[in-house]
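> One structure, as structure tokens, below. Some questions next.
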Protein chains: 2
Amino acid sequence: MNTIITIGRELGSGGRTIGRNVAIKFGIPYYDREIIDKTAEESGLAIDFVKSQEQKISAFYKLCMGMSYGYGNQLLSLSSQIYQAQVKVIKQLAEQGPCVIVGRCADYILKDREDVLRVFVYSDIEHRINRAVNSYGMNELTARKEIQKSDKERARHYNLFTDSIWGSRENYDLMLDSGYLGLDKCADLICQVANCRR
Amino acid sequence: MNTIITIGRELGSGGRTIGRNVAIKFGIPYYDREIIDKTAEESGLAIDFVKSQEQKISAFYKLCMGMSYGYGNQLLSLSSQIYQAQVKVIKQLAEQGPCVIVGRCADYILKDREDVLRVFVYSDIEHRINRAVNSYGMNELTARKEIQKSDKERARHYNLFTDSIWGSRENYDLMLDSGYLGLDKCADLICQVANCRR
């Protein structure tokens with residue numbers, strides 16, 4: 001198996017669990033939150049700062065776009081610095097060989113490589129809420145709010161840093177509804193496709 | 001295998017070939033252009049008229065929306081009549097048992113049934129042009145124009161008659177890039193999912 005697998009996912013869809021299981025199955029590295037540490041190292045910014053801004057980078061960036069000088073420029077520069085460091089980290093990870101990378105626009109960042117399988121995992125909101133409630137012990141109302149907030153943030157972040165739309169088919173080779181298919185079947189299909197591809 | 005499989009597809013993606021192969025594999029009926037005959041029968045309109053309007057129903061319908069009386073109302077009534085007849089035909093076909101239905105908003109029309117696997121097949125435009133040139137003998141420029149025109153028409157048609165967006169992930173359980181995966185692998189994945197589901 002010589003494929004780098006990127007997994008974009010909706011919050012609560014189980015994309016991370018699926019990604020981890022695919023990585024275990026192939027015995028290849030899995031990168032998700034590990035990228036934060038490497039990004040902090042690359043950018044010279046504190047881990048906690050990168051962590052706090054990374055998921056909110058869009059609102060943060062958007063705010064900066066409306067400020068033309070002073071503090072606005074400073075924020076813009078930091079926001080862009082985090083993204084550029086993440087691009088560098090993701091490209092370096094891909095250079096090291098087959099791996100699974102979850103989120104962080106990796107499908108877009110690696111779109112010019114031939115050896116990438118770009119997956120997107122999604123589901124209807126009820127399945128996602130159930131998963132958040134049952135797997136993470138959240139209450140239903142909080143889960144619904146967090147999911148809706150996350151959808152907006154991820155979409156804005158992706159749309160801002162790429163020239164494309166988060167979750168839109170032209171960015172992915174395989175798109176799986178984990179609510180319909182189940183997490184195991186999703187992992188199984190990804191492994192099959194990665195295996196038979198190259 | 002107790003599943004009804006609907007396949008939405010972009011022109012040139014090979015969705016029809018994939019659908020036909022899935023139907024052959026399971027030994028179940030395949031419905032595509034056959035629906036035109038049944039729709040004509042159901043609506044009492046001529047087959048040639050249904051055929052000519054069916055792919056253009058959106059532009060036709062849109063035109064009608066701007067006309068408030070007279071000829072506009074007549075067109076609107078005919079357009080709606082074709083769609084309603086198609087809804088009835090598709091629901092009747094689904095009642096008869098497992099089958100493959102290609103296009104015609106079948107995923108939306110059957111969305112309340114539990115026994116439906118809703119697939120969308122797509123690809124980048126270069127793969128689609130190659131397919132049109134190699135399989136149907138079209139020249140490249142014509143193929144490109146026809147594909148772009150078809151994308152617009154199918155999207156408008158779907159968006160107008162449903163309350164959703166053509167090719168958008170919330171309407172499908174499985175979305176396959178046939179340019180990346182190849183037609184055989186697409187058919188294989190659909191069969192696997194339909195087989196293991198219920």
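In the structure tokens, each chain is lettered A, B, ... as it comes, each chain's residues begin at 1, and ligands are numbered from 1 in order of appearance.
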Return the neighbours of chain A among the residues of chain B, cut-off 8 Å, counting only C-alpha atoms, as a PyMOL selection string.
chain B and resi 122-124+167-170+172-177+180-181+189+193+197
> Write out as a list in words the residues lying within 7 Å of segment 24-37 of chain B, counting only C-alpha atoms and excluding same-chain residues fewer than 3 positions away.
Arg20, Asn21, Ala40, Glu41, Ile47, Val50, Lys51, Pro98, Cys99, Val100, Ile101 and Val102 of chain B
> Could those residues be written to a file, using N, CA and C atoms, as a PDB file, in the first residue's frame?

```
ATOM      1  N   ARG B  20     -25.993  -0.342 -14.679  1.00  0.00           N
ATOM      2  CA  ARG B  20     -26.384  -1.537 -15.439  1.00  0.00           C
ATOM      3  C   ARG B  20     -25.623  -2.769 -14.930  1.00  0.00           C
ATOM      4  N   ASN B  21     -24.339  -2.586 -14.665  1.00  0.00           N
ATOM      5  CA  ASN B  21     -23.530  -3.712 -14.169  1.00  0.00           C
ATOM      6  C   ASN B  21     -23.967  -4.175 -12.778  1.00  0.00           C
ATOM      7  N   ALA B  40     -44.745   8.572 -19.829  1.00  0.00           N
ATOM      8  CA  ALA B  40     -45.648   8.984 -20.910  1.00  0.00           C
ATOM      9  C   ALA B  40     -46.996   8.282 -20.732  1.00  0.00           C
ATOM     10  N   GLU B  41     -46.916   6.996 -20.443  1.00  0.00           N
ATOM     11  CA  GLU B  41     -48.139   6.205 -20.247  1.00  0.00           C
ATOM     12  C   GLU B  41     -48.956   6.776 -19.077  1.00  0.00           C
ATOM     13  N   ILE B  47     -44.725   9.991 -25.913  1.00  0.00           N
ATOM     14  CA  ILE B  47     -43.359   9.591 -25.506  1.00  0.00           C
ATOM     15  C   ILE B  47     -42.322  10.613 -25.991  1.00  0.00           C
ATOM     16  N   VAL B  50     -42.402  13.771 -23.856  1.00  0.00           N
ATOM     17  CA  VAL B  50     -41.806  13.554 -22.527  1.00  0.00           C
ATOM     18  C   VAL B  50     -40.289  13.490 -22.651  1.00  0.00           C
ATOM     19  N   LYS B  51     -39.827  12.746 -23.672  1.00  0.00           N
ATOM     20  CA  LYS B  51     -38.383  12.580 -23.890  1.00  0.00           C
ATOM     21  C   LYS B  51     -37.712  13.929 -24.141  1.00  0.00           C
ATOM     22  N   PRO B  98     -36.399  -4.828  -5.117  1.00  0.00           N
ATOM     23  CA  PRO B  98     -35.060  -4.334  -5.435  1.00  0.00           C
ATOM     24  C   PRO B  98     -34.882  -4.027  -6.923  1.00  0.00           C
ATOM     25  N   CYS B  99     -34.214  -2.943  -7.223  1.00  0.00           N
ATOM     26  CA  CYS B  99     -33.946  -2.540  -8.597  1.00  0.00           C
ATOM     27  C   CYS B  99     -32.881  -1.442  -8.580  1.00  0.00           C
ATOM     28  N   VAL B 100     -32.400  -1.098  -9.759  1.00  0.00           N
ATOM     29  CA  VAL B 100     -31.489   0.046  -9.892  1.00  0.00           C
ATOM     30  C   VAL B 100     -32.225   1.122 -10.680  1.00  0.00           C
ATOM     31  N   ILE B 101     -32.279   2.325 -10.139  1.00  0.00           N
ATOM     32  CA  ILE B 101     -32.914   3.444 -10.851  1.00  0.00           C
ATOM     33  C   ILE B 101     -31.874   4.539 -11.055  1.00  0.00           C
ATOM     34  N   VAL B 102     -31.660   4.890 -12.322  1.00  0.00           N
ATOM     35  CA  VAL B 102     -30.645   5.910 -12.621  1.00  0.00           C
ATOM     36  C   VAL B 102     -31.306   7.272 -12.859  1.00  0.00           C
TER      37      VAL B 102
END
```
> Would you work out the distance separating atom CA of Glu146 of chain A from atom CA of Leu11 of chain A, expressed in Å to one decimal?
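Those two atoms sit 8.4 Å apart.
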> Fewer than 2 positions away in the same chain doesn't count, so skip those; otherwise give me all residues within 12 Å of Gln92 of chain A, counting only C-alpha atoms, as a VMD selection string.
chain A and resid 35 38 to 39 42 85 to 90 94 to 99 101 106 109 to 110
> As a ChimeraX atom specification, please: every residue in segment 36-153 of chain A that a backbone DSSP assignment puts in alpha helix (DSSP H).
/A:36-43,47-54,57-65,71-95,106-109,125-136,140-153
